[in-house]
Structures are given as C-alpha cells and as structure tokens.
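Source file: data.txt. Holds: compact mmCIF, N, CA and C atoms.
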```txt
# COMPACT_ATOMS: atom_id res chain seq x y z
N MET A 263 16.28 1.27 13.31
CA MET A 263 16.40 1.54 11.90
C MET A 263 16.70 3.03 11.73
N ALA A 264 17.59 3.34 10.84
CA ALA A 264 17.97 4.72 10.58
C ALA A 264 16.83 5.47 9.89
N LEU A 265 16.87 6.78 9.97
CA LEU A 265 15.83 7.58 9.33
C LEU A 265 15.85 7.44 7.81
N HIS A 266 17.01 7.28 7.23
CA HIS A 266 17.12 7.14 5.78
C HIS A 266 17.71 5.76 5.47
N THR A 267 16.89 4.87 5.00
CA THR A 267 17.35 3.53 4.68
C THR A 267 16.99 3.22 3.23
N PRO A 268 17.93 3.36 2.32
CA PRO A 268 17.62 3.18 0.90
C PRO A 268 17.34 1.73 0.49
N ASP A 269 17.47 0.79 1.42
CA ASP A 269 17.26 -0.61 1.05
C ASP A 269 16.12 -1.27 1.82
N ARG A 270 15.24 -0.47 2.45
CA ARG A 270 14.14 -1.04 3.23
C ARG A 270 12.84 -0.31 2.93
N ALA A 271 11.79 -1.10 2.84
CA ALA A 271 10.45 -0.52 2.73
C ALA A 271 9.84 -0.49 4.12
N VAL A 272 8.98 0.48 4.37
CA VAL A 272 8.31 0.60 5.66
C VAL A 272 6.81 0.51 5.43
N TRP A 273 6.17 -0.35 6.19
CA TRP A 273 4.73 -0.50 6.13
C TRP A 273 4.19 -0.24 7.53
N GLN A 274 3.24 0.69 7.63
CA GLN A 274 2.69 1.06 8.93
C GLN A 274 1.18 1.20 8.78
N GLY A 275 0.45 0.81 9.79
CA GLY A 275 -1.00 0.95 9.74
C GLY A 275 -1.59 1.08 11.13
N ASP A 276 -2.81 1.60 11.18
CA ASP A 276 -3.51 1.76 12.44
C ASP A 276 -5.00 1.71 12.16
N HIS A 277 -5.71 0.85 12.86
CA HIS A 277 -7.15 0.73 12.65
C HIS A 277 -7.95 1.56 13.63
N GLY A 278 -7.29 2.39 14.42
CA GLY A 278 -8.00 3.34 15.27
C GLY A 278 -8.39 2.79 16.63
N ILE A 279 -9.21 3.57 17.31
CA ILE A 279 -9.68 3.25 18.66
C ILE A 279 -10.56 2.00 18.62
N GLN A 280 -10.34 1.08 19.53
CA GLN A 280 -11.07 -0.19 19.54
C GLN A 280 -12.04 -0.34 20.70
N ASP A 281 -11.93 0.53 21.71
CA ASP A 281 -12.73 0.33 22.91
C ASP A 281 -13.06 1.68 23.54
N GLY A 282 -14.14 1.73 24.27
CA GLY A 282 -14.51 2.92 25.01
C GLY A 282 -15.60 3.73 24.33
N PRO A 283 -15.96 4.87 24.94
CA PRO A 283 -17.09 5.66 24.44
C PRO A 283 -16.83 6.29 23.07
N LEU A 284 -15.58 6.54 22.72
CA LEU A 284 -15.30 7.17 21.43
C LEU A 284 -15.64 6.27 20.24
N THR A 285 -15.77 4.98 20.47
CA THR A 285 -16.11 4.07 19.37
C THR A 285 -17.52 4.32 18.84
N LEU A 286 -18.34 5.06 19.57
CA LEU A 286 -19.70 5.37 19.14
C LEU A 286 -19.74 6.55 18.17
N GLU A 287 -18.68 7.34 18.09
CA GLU A 287 -18.65 8.49 17.20
C GLU A 287 -18.54 8.03 15.75
N SER A 288 -19.19 8.76 14.86
CA SER A 288 -19.20 8.36 13.45
C SER A 288 -17.81 8.39 12.84
N SER A 289 -16.96 9.34 13.23
CA SER A 289 -15.61 9.40 12.66
C SER A 289 -14.80 8.15 13.02
N THR A 290 -15.01 7.63 14.22
CA THR A 290 -14.32 6.41 14.63
C THR A 290 -14.84 5.22 13.85
N GLN A 291 -16.13 5.17 13.61
CA GLN A 291 -16.71 4.07 12.84
C GLN A 291 -16.22 4.10 11.39
N ILE A 292 -16.09 5.30 10.82
CA ILE A 292 -15.56 5.42 9.46
C ILE A 292 -14.12 4.95 9.42
N GLU A 293 -13.34 5.30 10.43
CA GLU A 293 -11.93 4.89 10.48
C GLU A 293 -11.79 3.37 10.52
N HIS A 294 -12.72 2.68 11.17
CA HIS A 294 -12.67 1.22 11.19
C HIS A 294 -12.75 0.63 9.79
N ASN A 295 -13.56 1.22 8.94
CA ASN A 295 -13.72 0.71 7.58
C ASN A 295 -12.72 1.29 6.60
N SER A 296 -11.96 2.27 7.00
CA SER A 296 -10.96 2.88 6.13
C SER A 296 -9.74 3.23 6.96
N PRO A 297 -9.02 2.21 7.44
CA PRO A 297 -7.91 2.47 8.36
C PRO A 297 -6.72 3.15 7.68
N TYR A 298 -5.95 3.83 8.50
CA TYR A 298 -4.72 4.48 8.06
C TYR A 298 -3.72 3.40 7.63
N ALA A 299 -3.04 3.65 6.52
CA ALA A 299 -1.97 2.76 6.09
C ALA A 299 -0.91 3.58 5.39
N LEU A 300 0.34 3.23 5.60
CA LEU A 300 1.46 3.91 4.98
C LEU A 300 2.40 2.86 4.42
N LEU A 301 2.80 3.04 3.18
CA LEU A 301 3.83 2.21 2.58
C LEU A 301 4.87 3.15 2.00
N ALA A 302 6.06 3.17 2.58
CA ALA A 302 7.15 4.01 2.11
C ALA A 302 8.19 3.10 1.46
N VAL A 303 8.46 3.34 0.20
CA VAL A 303 9.38 2.49 -0.56
C VAL A 303 10.50 3.37 -1.12
N PRO A 304 11.75 3.09 -0.77
CA PRO A 304 12.86 3.87 -1.32
C PRO A 304 12.98 3.68 -2.83
N ARG A 305 13.41 4.71 -3.53
CA ARG A 305 13.56 4.63 -4.99
C ARG A 305 14.44 3.45 -5.40
N ALA A 306 15.43 3.12 -4.58
CA ALA A 306 16.35 2.03 -4.92
C ALA A 306 15.62 0.69 -5.05
N LEU A 307 14.48 0.54 -4.39
CA LEU A 307 13.73 -0.71 -4.46
C LEU A 307 12.63 -0.68 -5.53
N LEU A 308 12.38 0.48 -6.11
CA LEU A 308 11.27 0.60 -7.06
C LEU A 308 11.58 0.00 -8.42
N GLY A 309 12.82 0.01 -8.84
CA GLY A 309 13.15 -0.53 -10.15
C GLY A 309 14.64 -0.50 -10.39
N ARG A 310 15.08 -1.34 -11.30
CA ARG A 310 16.52 -1.44 -11.57
C ARG A 310 17.04 -0.30 -12.44
N THR A 311 16.13 0.34 -13.16
CA THR A 311 16.53 1.47 -13.99
C THR A 311 15.75 2.70 -13.55
N PRO A 312 16.28 3.89 -13.82
CA PRO A 312 15.53 5.11 -13.45
C PRO A 312 14.14 5.16 -14.09
N ALA A 313 14.00 4.67 -15.30
CA ALA A 313 12.69 4.69 -15.96
C ALA A 313 11.70 3.78 -15.23
N ARG A 314 12.14 2.57 -14.85
CA ARG A 314 11.27 1.66 -14.10
C ARG A 314 10.91 2.22 -12.73
N ALA A 315 11.89 2.83 -12.06
CA ALA A 315 11.64 3.42 -10.75
C ALA A 315 10.62 4.55 -10.86
N SER A 316 10.74 5.38 -11.89
CA SER A 316 9.80 6.48 -12.08
C SER A 316 8.40 5.97 -12.37
N ALA A 317 8.29 4.91 -13.19
CA ALA A 317 6.98 4.33 -13.50
C ALA A 317 6.35 3.72 -12.25
N ALA A 318 7.15 3.00 -11.46
CA ALA A 318 6.62 2.40 -10.23
C ALA A 318 6.19 3.47 -9.24
N GLU A 319 6.96 4.55 -9.15
CA GLU A 319 6.60 5.64 -8.24
C GLU A 319 5.29 6.29 -8.68
N ALA A 320 5.14 6.52 -9.97
CA ALA A 320 3.90 7.13 -10.48
C ALA A 320 2.70 6.22 -10.23
N THR A 321 2.88 4.92 -10.43
CA THR A 321 1.79 3.96 -10.19
C THR A 321 1.42 3.93 -8.70
N LEU A 322 2.43 3.90 -7.84
CA LEU A 322 2.17 3.88 -6.39
C LEU A 322 1.43 5.16 -5.95
N LEU A 323 1.85 6.30 -6.47
CA LEU A 323 1.19 7.56 -6.11
C LEU A 323 -0.26 7.57 -6.59
N ALA A 324 -0.50 7.10 -7.82
CA ALA A 324 -1.87 7.04 -8.33
C ALA A 324 -2.71 6.09 -7.47
N ASN A 325 -2.14 4.95 -7.12
CA ASN A 325 -2.88 3.96 -6.32
C ASN A 325 -3.15 4.44 -4.90
N SER A 326 -2.39 5.41 -4.43
CA SER A 326 -2.62 5.93 -3.08
C SER A 326 -3.96 6.67 -2.99
N GLU A 327 -4.55 6.97 -4.12
CA GLU A 327 -5.86 7.64 -4.16
C GLU A 327 -6.98 6.67 -4.51
N ARG A 328 -6.70 5.37 -4.48
CA ARG A 328 -7.68 4.35 -4.88
C ARG A 328 -8.06 3.48 -3.69
N LEU A 329 -9.09 2.67 -3.89
CA LEU A 329 -9.51 1.69 -2.89
C LEU A 329 -8.55 0.51 -2.94
N ILE A 330 -7.77 0.33 -1.89
CA ILE A 330 -6.84 -0.79 -1.82
C ILE A 330 -7.18 -1.65 -0.61
N THR A 331 -6.68 -2.88 -0.62
CA THR A 331 -6.95 -3.81 0.46
C THR A 331 -5.64 -4.37 1.00
N HIS A 332 -5.76 -5.10 2.10
CA HIS A 332 -4.57 -5.76 2.65
C HIS A 332 -4.02 -6.80 1.69
N PHE A 333 -4.87 -7.35 0.83
CA PHE A 333 -4.40 -8.30 -0.18
C PHE A 333 -3.48 -7.60 -1.19
N ASP A 334 -3.79 -6.35 -1.53
CA ASP A 334 -2.94 -5.57 -2.42
C ASP A 334 -1.59 -5.28 -1.75
N LEU A 335 -1.63 -4.93 -0.47
CA LEU A 335 -0.37 -4.70 0.26
C LEU A 335 0.46 -5.98 0.31
N TYR A 336 -0.19 -7.10 0.52
CA TYR A 336 0.51 -8.39 0.55
C TYR A 336 1.17 -8.68 -0.80
N ALA A 337 0.44 -8.47 -1.89
CA ALA A 337 0.99 -8.69 -3.23
C ALA A 337 2.18 -7.76 -3.49
N THR A 338 2.08 -6.53 -3.02
CA THR A 338 3.14 -5.55 -3.22
C THR A 338 4.39 -5.92 -2.42
N LEU A 339 4.19 -6.28 -1.16
CA LEU A 339 5.34 -6.66 -0.33
C LEU A 339 6.03 -7.91 -0.87
N ARG A 340 5.24 -8.86 -1.36
CA ARG A 340 5.85 -10.06 -1.97
C ARG A 340 6.65 -9.70 -3.21
N ALA A 341 6.13 -8.79 -4.02
CA ALA A 341 6.85 -8.36 -5.21
C ALA A 341 8.17 -7.68 -4.83
N LEU A 342 8.14 -6.85 -3.78
CA LEU A 342 9.36 -6.20 -3.31
C LEU A 342 10.40 -7.22 -2.84
N MET A 343 9.92 -8.36 -2.34
CA MET A 343 10.83 -9.41 -1.86
C MET A 343 11.26 -10.35 -2.99
N GLY A 344 10.82 -10.08 -4.19
CA GLY A 344 11.26 -10.88 -5.32
C GLY A 344 10.23 -11.85 -5.86
N GLY A 345 9.00 -11.77 -5.42
CA GLY A 345 7.94 -12.63 -5.96
C GLY A 345 7.65 -13.81 -5.07
N ASP A 346 8.09 -14.99 -5.48
CA ASP A 346 7.81 -16.20 -4.71
C ASP A 346 8.60 -16.20 -3.41
N VAL A 347 7.89 -16.40 -2.32
CA VAL A 347 8.51 -16.46 -1.00
C VAL A 347 8.20 -17.84 -0.44
N VAL A 348 9.24 -18.62 -0.20
CA VAL A 348 9.08 -19.99 0.26
C VAL A 348 8.25 -20.04 1.54
N GLY A 349 7.27 -20.93 1.57
CA GLY A 349 6.47 -21.14 2.77
C GLY A 349 5.30 -20.18 2.94
N THR A 350 5.06 -19.33 1.96
CA THR A 350 3.93 -18.40 2.05
C THR A 350 3.02 -18.59 0.84
N PRO A 351 1.71 -18.43 1.03
CA PRO A 351 0.80 -18.60 -0.10
C PRO A 351 0.91 -17.43 -1.07
N PRO A 352 0.65 -17.68 -2.34
CA PRO A 352 0.67 -16.58 -3.30
C PRO A 352 -0.50 -15.64 -3.03
N PRO A 353 -0.37 -14.39 -3.47
CA PRO A 353 -1.51 -13.48 -3.31
C PRO A 353 -2.67 -13.92 -4.20
N PRO A 354 -3.89 -13.56 -3.84
CA PRO A 354 -5.03 -13.92 -4.69
C PRO A 354 -4.89 -13.31 -6.08
N ARG A 355 -5.46 -13.96 -7.08
CA ARG A 355 -5.39 -13.47 -8.47
C ARG A 355 -5.94 -12.06 -8.61
N TRP A 356 -6.94 -11.72 -7.82
CA TRP A 356 -7.60 -10.44 -7.94
C TRP A 356 -6.91 -9.32 -7.16
N SER A 357 -5.85 -9.61 -6.43
CA SER A 357 -5.11 -8.56 -5.73
C SER A 357 -4.15 -7.89 -6.71
N ARG A 358 -3.65 -6.73 -6.33
CA ARG A 358 -2.79 -5.94 -7.22
C ARG A 358 -1.47 -5.62 -6.54
N ASP A 359 -0.40 -5.65 -7.33
CA ASP A 359 0.89 -5.13 -6.90
C ASP A 359 0.80 -3.62 -7.10
N LEU A 360 0.81 -2.86 -6.02
CA LEU A 360 0.58 -1.42 -6.08
C LEU A 360 1.69 -0.65 -6.77
N LEU A 361 2.83 -1.28 -6.99
CA LEU A 361 3.93 -0.64 -7.71
C LEU A 361 3.86 -0.89 -9.21
N ALA A 362 3.16 -1.94 -9.61
CA ALA A 362 3.18 -2.35 -11.01
C ALA A 362 1.84 -2.21 -11.73
N THR A 363 0.74 -2.26 -10.98
CA THR A 363 -0.58 -2.31 -11.60
C THR A 363 -1.46 -1.17 -11.11
N PRO A 364 -1.88 -0.29 -12.01
CA PRO A 364 -2.79 0.78 -11.58
C PRO A 364 -4.15 0.20 -11.17
N ILE A 365 -4.67 0.69 -10.06
CA ILE A 365 -6.01 0.29 -9.61
C ILE A 365 -7.02 1.13 -10.41
N GLU A 366 -8.07 0.48 -10.89
CA GLU A 366 -9.08 1.16 -11.68
C GLU A 366 -9.81 2.20 -10.84
N LEU A 367 -10.15 3.33 -11.46
CA LEU A 367 -10.95 4.35 -10.77
C LEU A 367 -12.31 3.81 -10.37
N THR A 368 -12.79 2.83 -11.10
CA THR A 368 -14.11 2.27 -10.85
C THR A 368 -14.10 1.12 -9.85
N ARG A 369 -12.95 0.78 -9.31
CA ARG A 369 -12.88 -0.33 -8.37
C ARG A 369 -13.79 -0.05 -7.19
N ASP A 370 -14.62 -1.02 -6.88
CA ASP A 370 -15.51 -0.90 -5.72
C ASP A 370 -15.27 -2.08 -4.79
N CYS A 371 -16.02 -2.12 -3.72
CA CYS A 371 -15.82 -3.17 -2.72
C CYS A 371 -16.07 -4.56 -3.28
N ALA A 372 -17.03 -4.69 -4.17
CA ALA A 372 -17.32 -6.01 -4.75
C ALA A 372 -16.12 -6.51 -5.55
N THR A 373 -15.53 -5.67 -6.41
CA THR A 373 -14.40 -6.13 -7.23
C THR A 373 -13.14 -6.27 -6.39
N ALA A 374 -13.04 -5.52 -5.29
CA ALA A 374 -11.88 -5.64 -4.40
C ALA A 374 -12.05 -6.75 -3.37
N ARG A 375 -13.23 -7.39 -3.40
CA ARG A 375 -13.57 -8.48 -2.48
C ARG A 375 -13.62 -8.04 -1.02
N VAL A 376 -14.10 -6.81 -0.80
CA VAL A 376 -14.30 -6.29 0.56
C VAL A 376 -15.74 -6.61 0.96
N PRO A 377 -15.95 -7.34 2.06
CA PRO A 377 -17.31 -7.64 2.50
C PRO A 377 -18.11 -6.36 2.74
N ALA A 378 -19.39 -6.40 2.44
CA ALA A 378 -20.25 -5.22 2.53
C ALA A 378 -20.18 -4.54 3.89
N GLN A 379 -20.11 -5.31 4.97
CA GLN A 379 -20.10 -4.69 6.30
C GLN A 379 -18.80 -3.92 6.58
N PHE A 380 -17.77 -4.12 5.78
CA PHE A 380 -16.51 -3.42 5.95
C PHE A 380 -16.23 -2.43 4.84
N CYS A 381 -17.16 -2.25 3.93
CA CYS A 381 -16.96 -1.39 2.77
C CYS A 381 -16.90 0.09 3.19
N PRO A 382 -15.80 0.79 2.82
CA PRO A 382 -15.69 2.21 3.16
C PRO A 382 -16.37 3.13 2.15
N CYS A 383 -16.93 2.57 1.09
CA CYS A 383 -17.54 3.38 0.04
C CYS A 383 -18.92 3.89 0.46
N ASP A 384 -19.25 5.08 0.02
CA ASP A 384 -20.57 5.66 0.27
C ASP A 384 -21.49 5.30 -0.89
N ASP A 385 -22.64 4.71 -0.58
CA ASP A 385 -23.64 4.38 -1.61
C ASP A 385 -23.05 3.53 -2.73
N ALA A 386 -22.15 2.63 -2.38
CA ALA A 386 -21.53 1.71 -3.33
C ALA A 386 -20.71 2.42 -4.40
N GLU A 387 -20.37 3.68 -4.18
CA GLU A 387 -19.50 4.41 -5.11
C GLU A 387 -18.04 4.29 -4.61
N PRO A 388 -17.08 4.11 -5.52
CA PRO A 388 -15.69 4.07 -5.08
C PRO A 388 -15.32 5.35 -4.35
N ARG A 389 -14.58 5.21 -3.28
CA ARG A 389 -14.17 6.36 -2.50
C ARG A 389 -12.72 6.65 -2.77
N HIS A 390 -12.42 7.87 -3.12
CA HIS A 390 -11.04 8.29 -3.38
C HIS A 390 -10.55 9.06 -2.17
N VAL A 391 -9.52 8.53 -1.53
CA VAL A 391 -9.03 9.13 -0.30
C VAL A 391 -7.88 10.07 -0.56
```
In structure tokens, write the structure found in this file.
Amino acid sequence: MALHTPDRAVWQGDHGIQDGPLTLESSTQIEHNSPYALLAVPRALLGRTPARASAAEATLLANSERLITHFDLYATLRALMGGDVVGTPPPPRWSRDLLATPIELTRDCATARVPAQFCPCDDAEPRHV
C-alpha cells in the first residue's frame, strides 16, 4: 500500500506484551486494559461534501479522547463500507460510529459494556486518553 492512499482507511492496534517477566509490570498490565489503536481515515472517505468531511473529522478527533471499544471500531468500519455488509452481523445498538456520533464525556465501562476485569478506568471514572 502506498504511503498516501486517499481511498483507504487504516486500522492498526497492539495489545502489548503477552508473555514473559515484563507482564508483571504495572505499565504492561495497564496496556492490556487500554491497548493502542489507530484509525486513519482519508478526508475523501469522511464525507461527500467538505462540510460533512469537516464534521466527521471533528467528531473523530473528539472521540479519540474518549473511552471507545472494539464494537465502536466495528460500527465505524461498517459505516465506512456503506453500512450493511452482506454476511456480517450489525453492530450492537449501544456501539457508536466514531465518525458520526460523539462519545459522551461521562461514558464509563458499564455504558460501553466493558467487563469490569477489563475496565481501563480508575475508580470507575471515565479515563480520557
């Protein structure tokens, strides 16, 4: 893939070290519950008009500071592909399209449906990354 591809989105993630003595360090344990994720979307895919593209970009940037889940990424990727994708289940009702729907500042693990053992929030407070 070329470095500049105006017609492709890139999704990348890493859940960190999985084995060995470093898994005992607190930073590694935090990374397990808050893994690295990158979603790069070219402006050409954000909207058909400059106004829609600007709104989607602003929403995506705001959501990059919120608690998101893989279900939100799934909803977003499906939206980028045009919505209904034959042979795949729809995203859950409670997931968000990160380009179209701002995530609430108050979103916590319970409302995002993140099991408590995987919650990256401190003291049940939403964590802004």
Item checked: Shell of 9 Å around Thr321 (chain A), only C-alpha atoms, local chain residues under 5 positions omitted, as number ranges by chain -> A: 316, 326, 360-365
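With CA of Arg305 (chain A) on one side and CA of Glu319 (chain A) on the other, the separation reads 7.7 Å.
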Next item on the list: Between atom C of Pro354 (chain A) and CA of Leu342 (chain A), measure the distance and give it in Å to one decimal.
Entry: 16.2 Å
Note to self: Using Å and a single decimal, report how far atom C of His332 (chain A) sits from CA of Cys381 (chain A).
What the structure shows: 14.1 Å
Margin query: With distances taken over only N, CA and C atoms, which residue among A:Arg310, A:Gly345, A:Thr368, A:Pro353 lies nearest Leu329 (chain A)?
Written below: A:Thr368
Check: Hey, what does DSSP flag as alpha helix (DSSP H) within region 312-375 of chain A? Can you give it to me as a VMD selection string?
Finding: chain A and resid 312 to 325 332 to 342 371 to 374
Could those residues be written to a file, using N, CA and C atoms, as a PDB file, keeping the file's coordinate frame?
```
ATOM      1  N   PRO A 312      16.280   3.890 -13.820  1.00  0.00           N
ATOM      2  CA  PRO A 312      15.530   5.110 -13.450  1.00  0.00           C
ATOM      3  C   PRO A 312      14.140   5.160 -14.090  1.00  0.00           C
ATOM      4  N   ALA A 313      14.000   4.670 -15.300  1.00  0.00           N
ATOM      5  CA  ALA A 313      12.690   4.690 -15.960  1.00  0.00           C
ATOM      6  C   ALA A 313      11.700   3.780 -15.230  1.00  0.00           C
ATOM      7  N   ARG A 314      12.140   2.570 -14.850  1.00  0.00           N
ATOM      8  CA  ARG A 314      11.270   1.660 -14.100  1.00  0.00           C
ATOM      9  C   ARG A 314      10.910   2.220 -12.730  1.00  0.00           C
ATOM     10  N   ALA A 315      11.890   2.830 -12.060  1.00  0.00           N
ATOM     11  CA  ALA A 315      11.640   3.420 -10.750  1.00  0.00           C
ATOM     12  C   ALA A 315      10.620   4.550 -10.860  1.00  0.00           C
ATOM     13  N   SER A 316      10.740   5.380 -11.890  1.00  0.00           N
ATOM     14  CA  SER A 316       9.800   6.480 -12.080  1.00  0.00           C
ATOM     15  C   SER A 316       8.400   5.970 -12.370  1.00  0.00           C
ATOM     16  N   ALA A 317       8.290   4.910 -13.190  1.00  0.00           N
ATOM     17  CA  ALA A 317       6.980   4.330 -13.500  1.00  0.00           C
ATOM     18  C   ALA A 317       6.350   3.720 -12.250  1.00  0.00           C
ATOM     19  N   ALA A 318       7.150   3.000 -11.460  1.00  0.00           N
ATOM     20  CA  ALA A 318       6.620   2.400 -10.230  1.00  0.00           C
ATOM     21  C   ALA A 318       6.190   3.470  -9.240  1.00  0.00           C
ATOM     22  N   GLU A 319       6.960   4.550  -9.150  1.00  0.00           N
ATOM     23  CA  GLU A 319       6.600   5.640  -8.240  1.00  0.00           C
ATOM     24  C   GLU A 319       5.290   6.290  -8.680  1.00  0.00           C
ATOM     25  N   ALA A 320       5.140   6.520  -9.970  1.00  0.00           N
ATOM     26  CA  ALA A 320       3.900   7.130 -10.480  1.00  0.00           C
ATOM     27  C   ALA A 320       2.700   6.220 -10.230  1.00  0.00           C
ATOM     28  N   THR A 321       2.880   4.920 -10.430  1.00  0.00           N
ATOM     29  CA  THR A 321       1.790   3.960 -10.190  1.00  0.00           C
ATOM     30  C   THR A 321       1.420   3.930  -8.700  1.00  0.00           C
ATOM     31  N   LEU A 322       2.430   3.900  -7.840  1.00  0.00           N
ATOM     32  CA  LEU A 322       2.170   3.880  -6.390  1.00  0.00           C
ATOM     33  C   LEU A 322       1.430   5.160  -5.950  1.00  0.00           C
ATOM     34  N   LEU A 323       1.850   6.300  -6.470  1.00  0.00           N
ATOM     35  CA  LEU A 323       1.190   7.560  -6.110  1.00  0.00           C
ATOM     36  C   LEU A 323      -0.260   7.570  -6.590  1.00  0.00           C
ATOM     37  N   ALA A 324      -0.500   7.100  -7.820  1.00  0.00           N
ATOM     38  CA  ALA A 324      -1.870   7.040  -8.330  1.00  0.00           C
ATOM     39  C   ALA A 324      -2.710   6.090  -7.470  1.00  0.00           C
ATOM     40  N   ASN A 325      -2.140   4.950  -7.120  1.00  0.00           N
ATOM     41  CA  ASN A 325      -2.880   3.960  -6.320  1.00  0.00           C
ATOM     42  C   ASN A 325      -3.150   4.440  -4.900  1.00  0.00           C
ATOM     43  N   HIS A 332      -5.760  -5.100   2.100  1.00  0.00           N
ATOM     44  CA  HIS A 332      -4.570  -5.760   2.650  1.00  0.00           C
ATOM     45  C   HIS A 332      -4.020  -6.800   1.690  1.00  0.00           C
ATOM     46  N   PHE A 333      -4.870  -7.350   0.830  1.00  0.00           N
ATOM     47  CA  PHE A 333      -4.400  -8.300  -0.180  1.00  0.00           C
ATOM     48  C   PHE A 333      -3.480  -7.600  -1.190  1.00  0.00           C
ATOM     49  N   ASP A 334      -3.790  -6.350  -1.530  1.00  0.00           N
ATOM     50  CA  ASP A 334      -2.940  -5.570  -2.420  1.00  0.00           C
ATOM     51  C   ASP A 334      -1.590  -5.280  -1.750  1.00  0.00           C
ATOM     52  N   LEU A 335      -1.630  -4.930  -0.470  1.00  0.00           N
ATOM     53  CA  LEU A 335      -0.370  -4.700   0.260  1.00  0.00           C
ATOM     54  C   LEU A 335       0.460  -5.980   0.310  1.00  0.00           C
ATOM     55  N   TYR A 336      -0.190  -7.100   0.520  1.00  0.00           N
ATOM     56  CA  TYR A 336       0.510  -8.390   0.550  1.00  0.00           C
ATOM     57  C   TYR A 336       1.170  -8.680  -0.800  1.00  0.00           C
ATOM     58  N   ALA A 337       0.440  -8.470  -1.890  1.00  0.00           N
ATOM     59  CA  ALA A 337       0.990  -8.690  -3.230  1.00  0.00           C
ATOM     60  C   ALA A 337       2.180  -7.760  -3.490  1.00  0.00           C
ATOM     61  N   THR A 338       2.080  -6.530  -3.020  1.00  0.00           N
ATOM     62  CA  THR A 338       3.140  -5.550  -3.220  1.00  0.00           C
ATOM     63  C   THR A 338       4.390  -5.920  -2.420  1.00  0.00           C
ATOM     64  N   LEU A 339       4.190  -6.280  -1.160  1.00  0.00           N
ATOM     65  CA  LEU A 339       5.340  -6.660  -0.330  1.00  0.00           C
ATOM     66  C   LEU A 339       6.030  -7.910  -0.870  1.00  0.00           C
ATOM     67  N   ARG A 340       5.240  -8.860  -1.360  1.00  0.00           N
ATOM     68  CA  ARG A 340       5.850 -10.060  -1.970  1.00  0.00           C
ATOM     69  C   ARG A 340       6.650  -9.700  -3.210  1.00  0.00           C
ATOM     70  N   ALA A 341       6.130  -8.790  -4.020  1.00  0.00           N
ATOM     71  CA  ALA A 341       6.850  -8.360  -5.210  1.00  0.00           C
ATOM     72  C   ALA A 341       8.170  -7.680  -4.830  1.00  0.00           C
ATOM     73  N   LEU A 342       8.140  -6.850  -3.780  1.00  0.00           N
ATOM     74  CA  LEU A 342       9.360  -6.200  -3.310  1.00  0.00           C
ATOM     75  C   LEU A 342      10.400  -7.220  -2.840  1.00  0.00           C
ATOM     76  N   CYS A 371     -16.020  -2.120  -3.720  1.00  0.00           N
ATOM     77  CA  CYS A 371     -15.820  -3.170  -2.720  1.00  0.00           C
ATOM     78  C   CYS A 371     -16.070  -4.560  -3.280  1.00  0.00           C
ATOM     79  N   ALA A 372     -17.030  -4.690  -4.170  1.00  0.00           N
ATOM     80  CA  ALA A 372     -17.320  -6.010  -4.750  1.00  0.00           C
ATOM     81  C   ALA A 372     -16.120  -6.510  -5.550  1.00  0.00           C
ATOM     82  N   THR A 373     -15.530  -5.670  -6.410  1.00  0.00           N
ATOM     83  CA  THR A 373     -14.400  -6.130  -7.230  1.00  0.00           C
ATOM     84  C   THR A 373     -13.140  -6.270  -6.390  1.00  0.00           C
ATOM     85  N   ALA A 374     -13.040  -5.520  -5.290  1.00  0.00           N
ATOM     86  CA  ALA A 374     -11.880  -5.640  -4.400  1.00  0.00           C
ATOM     87  C   ALA A 374     -12.050  -6.750  -3.370  1.00  0.00           C
TER      88      ALA A 374
END
```
